[in-house]
Amino acid sequence: MHLIAAILLTLARSALIILGLMALLFGGYLLFAEAGPTVREILDAPDRLAELEVATLENVEAIAERRGEAVAHIARQQALRTRLHEERSAWEEQLEGDLNAIEQAAAEQRARVRQTVHENRQAVGESIRRVESQYCDSWNPIDWWTCRAVRQRIESFEDGAALQREMVEEAAKRLEEQARQDIENHRAQATEELEERTAQLQDQLQASLDRMEDLERERQALEERIAEIQAEEALLREANWLWLEFQNRWPHLLFVALFIFTAPFLRRTLWYFVGMPLVSRAKPIQISDGEPTGEITCTKGERTLEVDVAAGRRLLARPGYIQSDRQGARSELFFDRKSPNLSYLSGLVLLTRLEGWEADQEARRVMLGTPDDPDAYLMQIDLKDHPGIVLRASHVVALVGDIRVHTTWRLNNLHAWATSQVRFIIFSGTGTLILEGYGDVHGRHVKEGREEKRMPLVLGFDTQLTYQTRRSATFLPYLVDPGREPLVVDIFEGTGTVFFEKNPSVKTRHRTAGEAIAGFFLDAIRRLLGL
């Protein structure tokens, strides 16, 4: 029975797997079927846009060519019209000249005929007068008969001359009629030739006009095609604007990305080979110039600490760090009410205050521990008439006794700028400080010697020590991973104590993405101000 159930269970599980694979494949098929054309359209959109741009350019060139042809045809039409006008004017002028020449020749011929007739009549009249004066005025009978015969002869001659004049007039009329006929024939022939030439020119002009209309139709068709191409191009650009924008911007984006990617490496290289050698030559920072005085002791780092608060003293701790009895606890707005601004800038605000027991009772023991970070360690630092220690205020979680806080600035020192800390917060006086660190926290005493620590590990130092920096010995590890191999190494010389933690990156690993982005800017400001 169990075997059958196991087999059925295996078959059911296999069937479910097969059905799941079928559903996944079917979903993939549907996705490919639906998204495939869209993806292909998106991928083909740039090529299609390039084709549309080429087609647009070709159509624009074709329109320009058609416009050039149209301009040429317009010029040709104008030339034909001008030629037609000039030929008609020349023909009319030539015809008018020919007609005038024919009329003038006919008039001259008529004038010559009439002049000849007139001269002949004058010559005859003169001859008659001479004969009459010679023969008719004489009383000689012979002369009288001669005069009579001459007169008869003259009369017959006059008759002949009259007949001749009639014939001349008829000849002149025939000549004038012939000239008129020649003019009409010439005019008709010239008109026929002009009409034939005009018809030829009109045919050429009409052909040019027809070609102009064809060019105009082609131009309109090309413009409509360009409008369609531009509309299609606009739709493609609107539908694929993201891909097109990426295609247009990717070289600049790549350049910016490469610049952003390589900028930290360039900055590290410049700092390593240019900046830090200059910083190393600067004068060390000396906060306290006096002789070594006061006492300082510190405990080992522990996850929880027990602190004794004597009668008449107070304990000021950050919220949540007191893990023992909180009887009589009160809120303290500022660490130092007389200097609220300094307390606020130091981060010592909204503290929890506990007072010691009465004088006839033993010291009040308070347990301290980190409320929300298991990797944090606490260390107790006891001061007695000490001129001061420099600490990052964000790592000070509790204070007991007469502890004073003041600050000093080092704006004109390159070592301060190399460590991105130009303000130093100094804790001095007599009392107890609780310092928090990650991974572990230590205090190392230096006596007339030299102590070197990687800069991110340092939490503070004795003001009686001189403080300077140098670059790390290895370049490539710093260039690749400055978190593991920082550029700056802190150097302390003299007599005093240096406080450092083991693993400051533990806290940053627990940050969210938003906290990491905000911390990138806020941590730089905190470090600059000594927080």
# chains A, B, ... in the order shown; residues from 1 in each chain; ligands from 1
call {"tool": "select_by_dssp", "arguments": {"residues": "stretch 385-512 of chain A", "states": "helix (DSSP H, G or I)", "output": "list in words"}}
result
Ala393, Ser394, His395, Leu414, His415, Ala416, Trp417, Ala418, Met455, Pro456, Leu457, Phe475, Leu476, Pro477, Tyr478, Leu479, Val480, Ser505, Val506, Lys507, Thr508 and Arg509 of chain A
call {"tool": "residues_around", "arguments": {"residues": "stretch 219-227 of chain A", "least_positions_apart": "3", "cutoff": "6 Å", "atoms": "only C-alpha atoms", "output": "NGL selection string"}}
result
:A and (56 or 63 or 215-216 or 230)
call {"tool": "closest_residue", "arguments": {"among": "A:Val279, A:Arg114, A:Asp372, A:Pro504", "to": "A:Asn412", "atoms": "only C-alpha atoms"}}
result
A:Val279
call {"tool": "select_by_dssp", "arguments": {"residues": "stretch 160-322 of chain A", "states": "strand (DSSP E)", "output": "PyMOL selection string"}}
result
chain A and resi 285-286+295-298+304-309+314-317
call {"tool": "residues_around", "arguments": {"residues": "A:Arg314", "least_positions_apart": "5", "cutoff": "7 Å", "atoms": "only C-alpha atoms", "output": "number ranges by chain"}}
result
A: 309, 353-356, 400-401
call {"tool": "atom_distance", "arguments": {"atom1": "atom CA of A:Leu99", "atom2": "atom CA of A:Glu87"}}
result
17.7 Å
call {"tool": "residues_around", "arguments": {"residues": "A:Phe427", "least_positions_apart": "3", "cutoff": "9 Å", "atoms": "only C-alpha atoms", "output": "list in words"}}
result
His386, Pro387, Gly388, Ile389, Val390, Leu391, Ile403, Arg404, Val405, His406, Thr407 and Leu433 of chain A
call {"tool": "write_last_selection", "arguments": {"atoms": "N, CA and C atoms", "output": "PDB file, in the first residue's frame"}}
result
ATOM      1  N   HIS A 386      43.644  65.716  33.700  1.00  0.00           N
ATOM      2  CA  HIS A 386      44.309  65.560  32.403  1.00  0.00           C
ATOM      3  C   HIS A 386      44.007  66.767  31.512  1.00  0.00           C
ATOM      4  N   PRO A 387      45.032  67.255  30.771  1.00  0.00           N
ATOM      5  CA  PRO A 387      44.788  68.424  29.911  1.00  0.00           C
ATOM      6  C   PRO A 387      43.840  68.139  28.741  1.00  0.00           C
ATOM      7  N   GLY A 388      43.635  66.869  28.396  1.00  0.00           N
ATOM      8  CA  GLY A 388      42.642  66.569  27.372  1.00  0.00           C
ATOM      9  C   GLY A 388      43.049  65.476  26.411  1.00  0.00           C
ATOM     10  N   ILE A 389      42.073  64.792  25.919  1.00  0.00           N
ATOM     11  CA  ILE A 389      42.249  63.813  24.848  1.00  0.00           C
ATOM     12  C   ILE A 389      41.282  64.162  23.717  1.00  0.00           C
ATOM     13  N   VAL A 390      41.751  63.962  22.507  1.00  0.00           N
ATOM     14  CA  VAL A 390      40.921  64.211  21.318  1.00  0.00           C
ATOM     15  C   VAL A 390      40.153  62.930  21.004  1.00  0.00           C
ATOM     16  N   LEU A 391      38.834  63.015  20.954  1.00  0.00           N
ATOM     17  CA  LEU A 391      37.982  61.872  20.628  1.00  0.00           C
ATOM     18  C   LEU A 391      36.936  62.292  19.602  1.00  0.00           C
ATOM     19  N   ILE A 403      33.936  66.254  33.610  1.00  0.00           N
ATOM     20  CA  ILE A 403      34.539  66.234  32.274  1.00  0.00           C
ATOM     21  C   ILE A 403      34.115  67.501  31.531  1.00  0.00           C
ATOM     22  N   ARG A 404      35.139  68.181  30.992  1.00  0.00           N
ATOM     23  CA  ARG A 404      34.876  69.400  30.228  1.00  0.00           C
ATOM     24  C   ARG A 404      35.136  69.116  28.740  1.00  0.00           C
ATOM     25  N   VAL A 405      34.411  69.833  27.919  1.00  0.00           N
ATOM     26  CA  VAL A 405      34.545  69.656  26.472  1.00  0.00           C
ATOM     27  C   VAL A 405      34.816  71.016  25.830  1.00  0.00           C
ATOM     28  N   HIS A 406      35.827  71.075  24.986  1.00  0.00           N
ATOM     29  CA  HIS A 406      36.062  72.260  24.179  1.00  0.00           C
ATOM     30  C   HIS A 406      36.644  71.808  22.821  1.00  0.00           C
ATOM     31  N   THR A 407      36.705  72.720  21.887  1.00  0.00           N
ATOM     32  CA  THR A 407      37.158  72.379  20.529  1.00  0.00           C
ATOM     33  C   THR A 407      38.295  73.289  20.117  1.00  0.00           C
ATOM     34  N   LEU A 433      35.215  58.396  30.834  1.00  0.00           N
ATOM     35  CA  LEU A 433      34.620  58.398  29.499  1.00  0.00           C
ATOM     36  C   LEU A 433      34.400  56.961  29.057  1.00  0.00           C
TER      37      LEU A 433
END
call {"tool": "atom_distance", "arguments": {"atom1": "atom CA of A:Leu383", "atom2": "atom CA of A:Thr432"}}
result
6.2 Å
call {"tool": "residues_around", "arguments": {"residues": "A:Ala317", "least_positions_apart": "4", "cutoff": "10 Å", "atoms": "only C-alpha atoms", "output": "PDB file with C-alpha atoms, in the first residue's frame"}}
result
ATOM      1  CA  TYR A 321      23.024  52.319  26.608  1.00  0.00           C
ATOM      2  CA  ILE A 322      22.033  51.902  30.300  1.00  0.00           C
ATOM      3  CA  SER A 331      16.567  63.370  30.618  1.00  0.00           C
ATOM      4  CA  GLU A 332      19.344  65.832  30.021  1.00  0.00           C
ATOM      5  CA  PHE A 335      25.741  67.771  28.130  1.00  0.00           C
ATOM      6  CA  LEU A 348      25.990  64.999  23.210  1.00  0.00           C
ATOM      7  CA  VAL A 349      22.290  65.838  23.377  1.00  0.00           C
ATOM      8  CA  LEU A 350      19.144  64.058  24.631  1.00  0.00           C
ATOM      9  CA  LEU A 351      21.170  62.146  27.233  1.00  0.00           C
ATOM     10  CA  THR A 352      19.975  59.967  30.088  1.00  0.00           C
ATOM     11  CA  ARG A 353      21.137  61.212  33.513  1.00  0.00           C
ATOM     12  CA  LEU A 354      21.677  59.023  36.595  1.00  0.00           C
ATOM     13  CA  LEU A 368      26.330  49.847  30.013  1.00  0.00           C
ATOM     14  CA  VAL A 396      31.608  58.740  23.273  1.00  0.00           C
ATOM     15  CA  VAL A 397      28.510  57.047  24.716  1.00  0.00           C
ATOM     16  CA  ALA A 398      28.710  57.995  28.407  1.00  0.00           C
ATOM     17  CA  LEU A 399      30.522  60.405  30.793  1.00  0.00           C
ATOM     18  CA  VAL A 400      30.964  60.408  34.560  1.00  0.00           C
ATOM     19  CA  LEU A 433      34.620  58.398  29.499  1.00  0.00           C
ATOM     20  CA  ILE A 434      32.980  55.375  27.898  1.00  0.00           C
TER      21      ILE A 434
END
call {"tool": "atom_distance", "arguments": {"atom1": "atom CA of A:Glu169", "atom2": "atom CA of A:Arg187"}}
result
26.3 Å
call {"tool": "closest_residue", "arguments": {"among": "A:Gln109, A:Gly494, A:Glu238, A:Ser324", "to": "A:Ala171", "atoms": "only C-alpha atoms"}}
result
A:Gln109
call {"tool": "residues_around", "arguments": {"residues": "A:Ile74", "least_positions_apart": "6", "cutoff": "9 Å", "atoms": "only C-alpha atoms", "output": "list of chain:residue names"}}
result
A:Ser208, A:Leu209, A:Met212
call {"tool": "write_last_selection", "arguments": {"atoms": "C-alpha atoms", "output": "CSV table (one decimal), in the first residue's frame"}}
result
chain,number,residue,atom,x,y,z
A,208,SER,CA,6.7,73.1,-72.1
A,209,LEU,CA,3.5,74.0,-70.3
A,212,MET,CA,5.4,72.0,-66.3
call {"tool": "decode", "arguments": {"residues": "stretch 229-262 of chain A", "atoms": "N, CA and C atoms", "output": "short mmCIF file (atom, residue, chain, number, x, y, z; two decimals), in the first residue's frame"}}
result
data_model
loop_
_atom_site.label_atom_id
_atom_site.label_comp_id
_atom_site.auth_asym_id
_atom_site.auth_seq_id
_atom_site.Cartn_x
_atom_site.Cartn_y
_atom_site.Cartn_z
N ILE A 229 6.28 60.02 -45.16
CA ILE A 229 7.52 59.53 -44.53
C ILE A 229 7.76 60.24 -43.20
N GLN A 230 7.53 61.55 -43.17
CA GLN A 230 7.72 62.28 -41.92
C GLN A 230 6.73 61.83 -40.86
N ALA A 231 5.48 61.55 -41.27
CA ALA A 231 4.50 61.06 -40.30
C ALA A 231 4.91 59.69 -39.77
N GLU A 232 5.36 58.81 -40.67
CA GLU A 232 5.81 57.49 -40.23
C GLU A 232 7.03 57.61 -39.33
N GLU A 233 7.95 58.52 -39.70
CA GLU A 233 9.14 58.74 -38.87
C GLU A 233 8.76 59.27 -37.50
N ALA A 234 7.78 60.19 -37.46
CA ALA A 234 7.34 60.72 -36.16
C ALA A 234 6.73 59.62 -35.29
N LEU A 235 5.92 58.75 -35.91
CA LEU A 235 5.33 57.64 -35.16
C LEU A 235 6.41 56.69 -34.64
N LEU A 236 7.40 56.39 -35.50
CA LEU A 236 8.47 55.51 -35.07
C LEU A 236 9.28 56.13 -33.94
N ARG A 237 9.56 57.43 -34.07
CA ARG A 237 10.33 58.10 -33.01
C ARG A 237 9.53 58.15 -31.72
N GLU A 238 8.22 58.37 -31.84
CA GLU A 238 7.40 58.42 -30.63
C GLU A 238 7.29 57.05 -29.98
N ALA A 239 7.21 56.01 -30.80
CA ALA A 239 7.06 54.67 -30.25
C ALA A 239 8.37 54.11 -29.71
N ASN A 240 9.49 54.56 -30.27
CA ASN A 240 10.79 54.00 -29.89
C ASN A 240 11.73 55.09 -29.39
N TRP A 241 11.18 56.09 -28.72
CA TRP A 241 12.00 57.23 -28.30
C TRP A 241 13.07 56.80 -27.30
N LEU A 242 12.73 55.81 -26.44
CA LEU A 242 13.70 55.41 -25.42
C LEU A 242 14.92 54.77 -26.06
N TRP A 243 14.68 53.87 -27.00
CA TRP A 243 15.79 53.20 -27.68
C TRP A 243 16.58 54.19 -28.53
N LEU A 244 15.88 55.09 -29.20
CA LEU A 244 16.56 56.08 -30.03
C LEU A 244 17.38 57.04 -29.17
N GLU A 245 16.80 57.45 -28.03
CA GLU A 245 17.55 58.31 -27.12
C GLU A 245 18.81 57.60 -26.62
N PHE A 246 18.66 56.30 -26.33
CA PHE A 246 19.83 55.56 -25.87
C PHE A 246 20.88 55.47 -26.98
N GLN A 247 20.44 55.23 -28.22
CA GLN A 247 21.39 55.18 -29.33
C GLN A 247 22.10 56.51 -29.53
N ASN A 248 21.37 57.61 -29.35
CA ASN A 248 21.97 58.92 -29.54
C ASN A 248 22.87 59.31 -28.37
N ARG A 249 22.54 58.81 -27.17
CA ARG A 249 23.25 59.28 -25.98
C ARG A 249 24.32 58.31 -25.50
N TRP A 250 24.35 57.07 -26.02
CA TRP A 250 25.22 56.09 -25.39
C TRP A 250 26.69 56.47 -25.44
N PRO A 251 27.22 57.13 -26.49
CA PRO A 251 28.64 57.52 -26.39
C PRO A 251 28.90 58.47 -25.23
N HIS A 252 28.00 59.47 -25.05
CA HIS A 252 28.18 60.40 -23.94
C HIS A 252 27.98 59.68 -22.60
N LEU A 253 26.96 58.79 -22.56
CA LEU A 253 26.75 58.04 -21.33
C LEU A 253 27.95 57.17 -21.00
N LEU A 254 28.51 56.53 -22.05
CA LEU A 254 29.69 55.71 -21.83
C LEU A 254 30.86 56.55 -21.33
N PHE A 255 31.03 57.72 -21.94
CA PHE A 255 32.12 58.60 -21.50
C PHE A 255 31.94 59.02 -20.05
N VAL A 256 30.70 59.43 -19.70
CA VAL A 256 30.44 59.85 -18.32
C VAL A 256 30.62 58.68 -17.36
N ALA A 257 30.11 57.50 -17.77
CA ALA A 257 30.24 56.33 -16.91
C ALA A 257 31.72 55.97 -16.70
N LEU A 258 32.50 56.00 -17.80
CA LEU A 258 33.93 55.73 -17.66
C LEU A 258 34.62 56.78 -16.79
N PHE A 259 34.19 58.04 -16.96
CA PHE A 259 34.79 59.09 -16.13
C PHE A 259 34.45 58.89 -14.66
N ILE A 260 33.16 58.58 -14.40
CA ILE A 260 32.76 58.34 -13.01
C ILE A 260 33.48 57.11 -12.45
N PHE A 261 33.61 56.09 -13.31
CA PHE A 261 34.27 54.86 -12.85
C PHE A 261 35.75 55.09 -12.57
N THR A 262 36.41 55.85 -13.43
CA THR A 262 37.86 56.05 -13.27
C THR A 262 38.21 57.24 -12.38
#
